[in-house]
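Beneath this line is the structure, given in structure tokens, with notes to follow.
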Amino acid sequence: MSVAPESARELLRAKVEVAREIEKRECEKSLAEFCRSAWHIIEPGTPLKWNWHIDTICAYIQAFHEGKLPDKRLIINVPPGTLKSIIVSVMYPSWAWIKDPSTRFLAISNAASLATRDALRMKSIVTSPWYQSHWPTTLRIDQNEKNLFVNGTQGFRQSQGISACTTGKRGDCFPEYMEVSTEHGMKKITEVKVNDLVWSMNTKTGGVELKPVTHLVHNGTSEIVEVVLSNGQIIHCTPDHKVWTIEEGMVRADSLVSVKGSELSLDIISIIGTNSKQFSKLFTSHGGVNKPLFTPDKTCVADRVSTLITRDSTPLNVVSSRSIGHISDTYCLCVKDNATLFVGTRQVLVSNCLIIDDPVDSQQAFSDVIRESVNNTWDNALSSRLNDMTKSGVLLIQQRVNELDLTGHLLKKVKSHWTHLSIPMRYEGTSTFNPIKDIGNAEVKDPRIKKSQLLFPSRFPERAVQSLEEDLGEYGTSAQLQQRPVPAGGGIIKKHWWRVLPEDEMPKIINVFISFDTAFSEADSKTSAFSAATRWGIFWHEQRQRYCLLALGMWFARVGYDELRATVQAMNKDHDPDVLLIEKKATGISIIQDLKRSVPGKVRAYCPGKGEDKISRGNSVSPMVQSGQCYVPNKTWALGDGKGKLGLIDYIASFPGGAPPAPDIFDSFSAALIFMRSGNWLGDHDDDKDWTNVITHVSSEEEDEDLEDSAIPTRFYG
């Protein structure tokens, strides 16, 4: 029996509609299914190679989105090239808008270009016919840019590089004398305390309600702009405070009059998509035009609606906008639940979810300055950008680059709980995550059972991984591929290279050297930098018929100049070394001059030559340790206790990824070995290298530096 053409078409349409509806529901239910379905939009013509780790990452992110994690804080560490940025920075925000289109994202990457790339990928998905046919979403014309686009329900995605988040800029704040509408009337912003009730707005319902203050942020000095309205009201705020206008959408406060060369009228401040009639009803319900309700500013609650719009919905015109100088104290408030209004102290729009995607480039992994800058950016800027500190989420995904990278920095914090998903390129014998404990899901797991099994063989087969390992070296492989910044067994200097002397076989020491690495400046010593010293002895090894090196002690501490000088003098008195080796930098210069006068003939200064960085110096002395020429005594300070207390060889083995004082101890160690080798103290002089720029005698008189003392305790070993 044949089917009429029209009936066949209707049947086909029905099947297509059923298939589309099934796809729609599956995508809504599962982030993993959404990734599969949306892949063709961002990678047309490229088949998607699926792997178990994608299911795992999607499951963790979905649990994160649904609030199943203890603090809604998630860290994901996976190797490069495993689709992590596409899943986290592109697919997830697109999928989240299906569940809740008002969700707001601030996406951070190590470079603005990468943040822009992923923003455009997300935008291509959201605006695609496929997405629009399932979940119609309108992007606002006035806020539809590459790095900032806003949808019709106040959700948005803003993207930027990590460098754009640095501290020092002051924005979106109010001076201390501005008043806030509270449960008990108007109060100065400085008089409002955490848990006080202030008037706020729920933009989903349009209702005005009392909500508790969760944070009061004090931002220090900032320039202030005075905005005068046509009814005589005056608003004082920072220049980059965004004001929502009828004509131009969001405009900086210091640009209100200049836009289009004419006066603009204020509709509402930073309440996207809310019209004047809604505000009229809100005024009426609270008793009239002069009744202060709340301050619907994108940053915080800090001004009165009555200064912006009248009871009869007539907008007020801007008369002028001008700078009135600087104010020493500026403030903003964060209010519970109505998170769409508030962002803390920054000039960006508010966000419900903060996504940080590889904040440090792998090429910058060994830069202390860059790593510390990123960590400080989190502590002093990004951590306060959430709308609701209890409900908004932070999602960090990165390949590990250093023990002190942002992952390491966050995992060391004790008052916040981070769920941690770590997936290595090669299986190491045990699973590195627990999905049952983390997200209550037994279906996602690491299926590998044999050591060295690969993570993603269809994309990274054995030959490709071996090539990567060769290029990255042992340290890079351990960090970026295995997500373990300090390689098993150590970094440049392996733990098993050291020889251990029994306590009853201590040799006769011929020469003693003490090598110091001093904190670069007094400021460093009070923050994170250590001064360190290692003590070494040269002895003749009868069985091996050669001179060898024995570690005799180590010391490290955060100290001021006076205590450092006293420590060096005490070590000289107690151990009577042949040489005091001190790097010629900052505090070291003054120490050198002090000791040159008090113990002439012992002090040697060293200046690392051009191109001789920490890693290259470490590599240059590694053969001395690997050949069995370096010994340690069988003591805890040298070997550690195996229960968390680190010894000398632990600190040295952890470089270049180890946390302080590892880099300082390593500098002291490498300088000592270079000095003894270059001076032929061990009978192993390198004739092919000119060491004159590496180790030099002090030849110039320099004045002492006046540095303060420090009460920070020290540690002595040996």
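Note on naming: chains are A, B, ... as they come in the structure tokens, residues start from 1 per chain, ligands start from 1 in the order shown.
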Leu421 (chain A) environment, 8 Å, only C-alpha atoms, sequence neighbours closer than 5 positions dropped, as a PyMOL selection string: chain A and resi 60+74-77+432-433
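Straight-line separation from CA of His236 (chain A) to CA of Leu148 (chain A): 26.1 Å.
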Residues of region 528-592 of chain A in strand (DSSP E or B), written as JSON, numbers by chain: {"A": [531, 532, 533, 534, 535, 536, 537, 538, 539, 540, 541, 546, 547, 548, 549, 550, 551, 552, 553, 554, 555, 556, 557, 579, 580, 581, 582, 583]}
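Candidate residues A:Glu33, A:Thr419, A:Asp357, A:Pro101 were compared for distance to Asp71 (chain A), and the nearest is A:Thr419, using only C-alpha atoms.
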Could you produce a table of the residues of region 456-517 of chain A lying within 12 Å of region 530-547 of chain A, with the nearest pair of atoms per residue and their separation in Å rounded to one decimal, using only C-alpha atoms, ordered by chain and increasing residue number, as CSV?
residue,atom,partner,partner_atom,distance
A:Leu501,CA,A:His541,CA,11.4
A:Glu505,CA,A:His541,CA,11.3
A:Met506,CA,A:Phe539,CA,9.7
A:Pro507,CA,A:Phe539,CA,6.6
A:Lys508,CA,A:Phe539,CA,6.1
A:Ile509,CA,A:Phe539,CA,4.9
A:Ile510,CA,A:Phe539,CA,5.5
A:Asn511,CA,A:Ile538,CA,5.2
A:Val512,CA,A:Gly537,CA,4.5
A:Phe513,CA,A:Trp536,CA,5.2
A:Ile514,CA,A:Arg535,CA,4.4
A:Ser515,CA,A:Ala533,CA,5.4
A:Phe516,CA,A:Ala533,CA,4.4
A:Asp517,CA,A:Ala532,CA,5.2
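For the residues A:Arg157, A:Arg677, A:Lys495, A:Arg117, ranking by smallest atom-to-atom distance to Tyr651 (chain A) using only C-alpha atoms places A:Lys495 first.
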Distance query Pro661 (chain A) at most 12 Å, only C-alpha atoms, self and fewer than 6 positions along chain excluded, as a PDB file with N, CA, C and O atoms, in the first residue's frame:
ATOM      1  N   LEU A 404      53.367  26.483  42.537  1.00  0.00           N
ATOM      2  CA  LEU A 404      52.838  27.731  43.073  1.00  0.00           C
ATOM      3  C   LEU A 404      51.867  28.397  42.107  1.00  0.00           C
ATOM      4  O   LEU A 404      51.585  29.588  42.248  1.00  0.00           O
ATOM      5  N   ASP A 517      71.891  32.636  50.208  1.00  0.00           N
ATOM      6  CA  ASP A 517      71.007  33.289  49.242  1.00  0.00           C
ATOM      7  C   ASP A 517      70.104  34.207  50.054  1.00  0.00           C
ATOM      8  O   ASP A 517      69.276  33.739  50.835  1.00  0.00           O
ATOM      9  N   THR A 518      70.280  35.506  49.893  1.00  0.00           N
ATOM     10  CA  THR A 518      69.540  36.461  50.720  1.00  0.00           C
ATOM     11  C   THR A 518      68.300  36.959  49.991  1.00  0.00           C
ATOM     12  O   THR A 518      68.264  37.019  48.766  1.00  0.00           O
ATOM     13  N   ALA A 519      67.268  37.310  50.772  1.00  0.00           N
ATOM     14  CA  ALA A 519      66.060  37.901  50.191  1.00  0.00           C
ATOM     15  C   ALA A 519      66.457  39.160  49.443  1.00  0.00           C
ATOM     16  O   ALA A 519      67.343  39.902  49.866  1.00  0.00           O
ATOM     17  N   SER A 525      61.415  40.059  52.301  1.00  0.00           N
ATOM     18  CA  SER A 525      61.571  39.260  53.506  1.00  0.00           C
ATOM     19  C   SER A 525      60.326  39.294  54.372  1.00  0.00           C
ATOM     20  O   SER A 525      60.068  38.384  55.146  1.00  0.00           O
ATOM     21  N   SER A 528      57.039  36.969  51.141  1.00  0.00           N
ATOM     22  CA  SER A 528      57.165  35.547  50.855  1.00  0.00           C
ATOM     23  C   SER A 528      58.595  35.065  50.663  1.00  0.00           C
ATOM     24  O   SER A 528      58.841  33.869  50.663  1.00  0.00           O
ATOM     25  N   ALA A 529      59.543  35.976  50.462  1.00  0.00           N
ATOM     26  CA  ALA A 529      60.898  35.560  50.130  1.00  0.00           C
ATOM     27  C   ALA A 529      61.677  35.159  51.377  1.00  0.00           C
ATOM     28  O   ALA A 529      61.607  35.800  52.414  1.00  0.00           O
ATOM     29  N   PHE A 530      62.422  34.082  51.255  1.00  0.00           N
ATOM     30  CA  PHE A 530      63.268  33.603  52.333  1.00  0.00           C
ATOM     31  C   PHE A 530      64.712  33.963  52.051  1.00  0.00           C
ATOM     32  O   PHE A 530      65.127  34.082  50.904  1.00  0.00           O
ATOM     33  N   SER A 531      65.475  34.094  53.133  1.00  0.00           N
ATOM     34  CA  SER A 531      66.923  34.000  53.040  1.00  0.00           C
ATOM     35  C   SER A 531      67.273  32.571  53.427  1.00  0.00           C
ATOM     36  O   SER A 531      66.593  31.965  54.261  1.00  0.00           O
ATOM     37  N   ALA A 532      68.303  32.038  52.787  1.00  0.00           N
ATOM     38  CA  ALA A 532      68.645  30.638  53.040  1.00  0.00           C
ATOM     39  C   ALA A 532      70.154  30.463  53.013  1.00  0.00           C
ATOM     40  O   ALA A 532      70.883  31.266  52.421  1.00  0.00           O
ATOM     41  N   ALA A 533      70.617  29.408  53.674  1.00  0.00           N
ATOM     42  CA  ALA A 533      72.041  29.073  53.672  1.00  0.00           C
ATOM     43  C   ALA A 533      72.196  27.564  53.705  1.00  0.00           C
ATOM     44  O   ALA A 533      71.387  26.855  54.322  1.00  0.00           O
ATOM     45  N   MET A 554      71.666  23.211  56.964  1.00  0.00           N
ATOM     46  CA  MET A 554      70.918  24.201  56.185  1.00  0.00           C
ATOM     47  C   MET A 554      70.155  25.105  57.136  1.00  0.00           C
ATOM     48  O   MET A 554      69.866  24.751  58.283  1.00  0.00           O
ATOM     49  N   TRP A 555      69.828  26.285  56.619  1.00  0.00           N
ATOM     50  CA  TRP A 555      69.078  27.286  57.400  1.00  0.00           C
ATOM     51  C   TRP A 555      68.223  28.087  56.435  1.00  0.00           C
ATOM     52  O   TRP A 555      68.615  28.341  55.290  1.00  0.00           O
ATOM     53  N   PHE A 556      67.018  28.443  56.876  1.00  0.00           N
ATOM     54  CA  PHE A 556      66.195  29.365  56.093  1.00  0.00           C
ATOM     55  C   PHE A 556      65.259  30.105  57.036  1.00  0.00           C
ATOM     56  O   PHE A 556      64.868  29.592  58.088  1.00  0.00           O
ATOM     57  N   ALA A 557      64.925  31.329  56.662  1.00  0.00           N
ATOM     58  CA  ALA A 557      64.042  32.146  57.486  1.00  0.00           C
ATOM     59  C   ALA A 557      63.640  33.393  56.719  1.00  0.00           C
ATOM     60  O   ALA A 557      64.334  33.814  55.788  1.00  0.00           O
ATOM     61  N   ARG A 558      62.519  33.980  57.108  1.00  0.00           N
ATOM     62  CA  ARG A 558      62.150  35.314  56.632  1.00  0.00           C
ATOM     63  C   ARG A 558      62.643  36.292  57.688  1.00  0.00           C
ATOM     64  O   ARG A 558      62.094  36.370  58.785  1.00  0.00           O
ATOM     65  N   LEU A 646      60.063  18.203  55.535  1.00  0.00           N
ATOM     66  CA  LEU A 646      60.974  18.122  54.403  1.00  0.00           C
ATOM     67  C   LEU A 646      62.422  18.285  54.826  1.00  0.00           C
ATOM     68  O   LEU A 646      62.734  19.033  55.752  1.00  0.00           O
ATOM     69  N   GLY A 647      63.293  17.597  54.123  1.00  0.00           N
ATOM     70  CA  GLY A 647      64.717  17.722  54.353  1.00  0.00           C
ATOM     71  C   GLY A 647      65.387  18.457  53.209  1.00  0.00           C
ATOM     72  O   GLY A 647      64.746  18.848  52.220  1.00  0.00           O
ATOM     73  N   LEU A 648      66.690  18.625  53.319  1.00  0.00           N
ATOM     74  CA  LEU A 648      67.460  19.337  52.305  1.00  0.00           C
ATOM     75  C   LEU A 648      67.250  18.748  50.914  1.00  0.00           C
ATOM     76  O   LEU A 648      67.006  19.475  49.944  1.00  0.00           O
ATOM     77  N   ASP A 650      64.758  17.064  49.816  1.00  0.00           N
ATOM     78  CA  ASP A 650      63.378  17.293  49.366  1.00  0.00           C
ATOM     79  C   ASP A 650      63.240  18.674  48.743  1.00  0.00           C
ATOM     80  O   ASP A 650      62.638  18.839  47.679  1.00  0.00           O
ATOM     81  N   TYR A 651      63.778  19.675  49.437  1.00  0.00           N
ATOM     82  CA  TYR A 651      63.699  21.050  48.923  1.00  0.00           C
ATOM     83  C   TYR A 651      64.426  21.170  47.582  1.00  0.00           C
ATOM     84  O   TYR A 651      63.912  21.781  46.635  1.00  0.00           O
ATOM     85  N   ILE A 652      65.617  20.593  47.503  1.00  0.00           N
ATOM     86  CA  ILE A 652      66.393  20.691  46.265  1.00  0.00           C
ATOM     87  C   ILE A 652      65.709  19.923  45.138  1.00  0.00           C
ATOM     88  O   ILE A 652      65.658  20.378  43.995  1.00  0.00           O
ATOM     89  N   SER A 654      62.553  19.451  44.730  1.00  0.00           N
ATOM     90  CA  SER A 654      61.288  20.061  44.310  1.00  0.00           C
ATOM     91  C   SER A 654      61.479  21.224  43.343  1.00  0.00           C
ATOM     92  O   SER A 654      60.527  21.659  42.706  1.00  0.00           O
ATOM     93  N   PHE A 655      62.700  21.735  43.220  1.00  0.00           N
ATOM     94  CA  PHE A 655      62.945  22.833  42.282  1.00  0.00           C
ATOM     95  C   PHE A 655      62.900  22.307  40.849  1.00  0.00           C
ATOM     96  O   PHE A 655      63.405  21.214  40.584  1.00  0.00           O
ATOM     97  N   ASP A 667      69.112  27.847  45.228  1.00  0.00           N
ATOM     98  CA  ASP A 667      70.095  28.851  44.814  1.00  0.00           C
ATOM     99  C   ASP A 667      71.371  28.749  45.635  1.00  0.00           C
ATOM    100  O   ASP A 667      72.482  28.847  45.109  1.00  0.00           O
ATOM    101  N   SER A 668      71.203  28.570  46.931  1.00  0.00           N
ATOM    102  CA  SER A 668      72.360  28.434  47.813  1.00  0.00           C
ATOM    103  C   SER A 668      73.173  27.195  47.440  1.00  0.00           C
ATOM    104  O   SER A 668      74.411  27.223  47.369  1.00  0.00           O
ATOM    105  N   ARG A 715      64.701  28.999  61.544  1.00  0.00           N
ATOM    106  CA  ARG A 715      64.894  27.574  61.760  1.00  0.00           C
ATOM    107  C   ARG A 715      66.351  27.237  61.483  1.00  0.00           C
ATOM    108  O   ARG A 715      66.910  27.669  60.494  1.00  0.00           O
TER     109      ARG A 715
END
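Comparing the minimum interatomic distances between Ile397 (chain A) and each of A:Val225, A:Leu468, A:Val599, A:Ile356, counting only C-alpha atoms, we find that A:Ile356 sits nearest.
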Spatial neighbours of region 12-28 of chain A, max dist 10 Å, only C-alpha atoms, sep filter under 3 positions, as number ranges by chain: A: 6-9, 31-38, 95-96, 98-99, 130-131, 133-135
Output N, CA, C and O atoms for every residue in the selection just made, as an mmCIF file, in the first residue's frame.
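What ended up in selection_17.cif:
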data_model
loop_
_atom_site.group_PDB
_atom_site.id
_atom_site.type_symbol
_atom_site.label_atom_id
_atom_site.label_comp_id
_atom_site.auth_asym_id
_atom_site.auth_seq_id
_atom_site.Cartn_x
_atom_site.Cartn_y
_atom_site.Cartn_z
ATOM 1 N N GLU A 6 1.902 13.777 0.200
ATOM 2 C CA GLU A 6 1.670 14.748 1.269
ATOM 3 C C GLU A 6 1.709 14.076 2.630
ATOM 4 O O GLU A 6 2.271 14.598 3.596
ATOM 5 N N SER A 7 1.144 12.900 2.695
ATOM 6 C CA SER A 7 1.159 12.158 3.961
ATOM 7 C C SER A 7 2.580 11.751 4.332
ATOM 8 O O SER A 7 2.971 11.767 5.506
ATOM 9 N N ALA A 8 3.342 11.369 3.308
ATOM 10 C CA ALA A 8 4.739 10.994 3.565
ATOM 11 C C ALA A 8 5.534 12.164 4.102
ATOM 12 O O ALA A 8 6.360 12.016 5.016
ATOM 13 N N ARG A 9 5.274 13.333 3.522
ATOM 14 C CA ARG A 9 5.978 14.527 4.011
ATOM 15 C C ARG A 9 5.584 14.849 5.447
ATOM 16 O O ARG A 9 6.418 15.222 6.272
ATOM 17 N N LEU A 31 24.944 18.173 29.931
ATOM 18 C CA LEU A 31 25.956 19.014 29.302
ATOM 19 C C LEU A 31 26.749 18.216 28.275
ATOM 20 O O LEU A 31 27.107 18.736 27.215
ATOM 21 N N ALA A 32 27.011 16.946 28.558
ATOM 22 C CA ALA A 32 27.765 16.113 27.621
ATOM 23 C C ALA A 32 27.018 15.971 26.295
ATOM 24 O O ALA A 32 27.614 16.078 25.216
ATOM 25 N N GLU A 33 25.692 15.749 26.362
ATOM 26 C CA GLU A 33 24.902 15.639 25.136
ATOM 27 C C GLU A 33 24.868 16.969 24.391
ATOM 28 O O GLU A 33 24.880 17.009 23.160
ATOM 29 N N PHE A 34 24.833 18.058 25.135
ATOM 30 C CA PHE A 34 24.861 19.375 24.495
ATOM 31 C C PHE A 34 26.168 19.559 23.733
ATOM 32 O O PHE A 34 26.185 20.086 22.616
ATOM 33 N N CYS A 35 27.282 19.143 24.324
ATOM 34 C CA CYS A 35 28.586 19.267 23.657
ATOM 35 C C CYS A 35 28.596 18.486 22.346
ATOM 36 O O CYS A 35 29.105 18.974 21.324
ATOM 37 N N ARG A 36 28.059 17.286 22.383
ATOM 38 C CA ARG A 36 27.999 16.474 21.164
ATOM 39 C C ARG A 36 27.174 17.170 20.078
ATOM 40 O O ARG A 36 27.567 17.215 18.911
ATOM 41 N N SER A 37 26.035 17.709 20.479
ATOM 42 C CA SER A 37 25.107 18.287 19.505
ATOM 43 C C SER A 37 25.588 19.627 18.968
ATOM 44 O O SER A 37 25.313 19.968 17.808
ATOM 45 N N ALA A 38 26.280 20.415 19.785
ATOM 46 C CA ALA A 38 26.693 21.761 19.379
ATOM 47 C C ALA A 38 28.051 21.790 18.704
ATOM 48 O O ALA A 38 28.454 22.821 18.161
ATOM 49 N N TRP A 95 25.266 26.203 27.424
ATOM 50 C CA TRP A 95 24.314 25.263 28.022
ATOM 51 C C TRP A 95 23.637 25.873 29.251
ATOM 52 O O TRP A 95 22.432 25.674 29.472
ATOM 53 N N ALA A 96 24.409 26.622 30.033
ATOM 54 C CA ALA A 96 23.850 27.228 31.247
ATOM 55 C C ALA A 96 22.717 28.199 30.921
ATOM 56 O O ALA A 96 21.753 28.321 31.683
ATOM 57 N N ILE A 98 20.560 27.803 28.700
ATOM 58 C CA ILE A 98 19.351 26.998 28.496
ATOM 59 C C ILE A 98 18.639 26.807 29.827
ATOM 60 O O ILE A 98 17.417 26.940 29.926
ATOM 61 N N LYS A 99 19.418 26.498 30.849
ATOM 62 C CA LYS A 99 18.852 26.235 32.177
ATOM 63 C C LYS A 99 18.372 27.518 32.844
ATOM 64 O O LYS A 99 17.322 27.550 33.463
ATOM 65 N N TRP A 130 20.433 26.457 14.927
ATOM 66 C CA TRP A 130 20.172 25.260 15.742
ATOM 67 C C TRP A 130 19.790 25.643 17.169
ATOM 68 O O TRP A 130 18.790 25.158 17.714
ATOM 69 N N TYR A 131 20.596 26.509 17.806
ATOM 70 C CA TYR A 131 20.329 26.923 19.187
ATOM 71 C C TYR A 131 19.030 27.721 19.258
ATOM 72 O O TYR A 131 18.186 27.493 20.138
ATOM 73 N N SER A 133 16.475 27.669 17.340
ATOM 74 C CA SER A 133 15.265 26.883 17.097
ATOM 75 C C SER A 133 14.824 26.139 18.345
ATOM 76 O O SER A 133 13.633 25.868 18.528
ATOM 77 N N HIS A 134 15.766 25.787 19.204
ATOM 78 C CA HIS A 134 15.438 25.096 20.453
ATOM 79 C C HIS A 134 15.184 26.071 21.608
ATOM 80 O O HIS A 134 14.230 25.905 22.378
ATOM 81 N N TRP A 135 16.055 27.068 21.709
ATOM 82 C CA TRP A 135 16.011 27.976 22.857
ATOM 83 C C TRP A 135 16.189 29.415 22.361
ATOM 84 O O TRP A 135 17.307 29.957 22.407
#
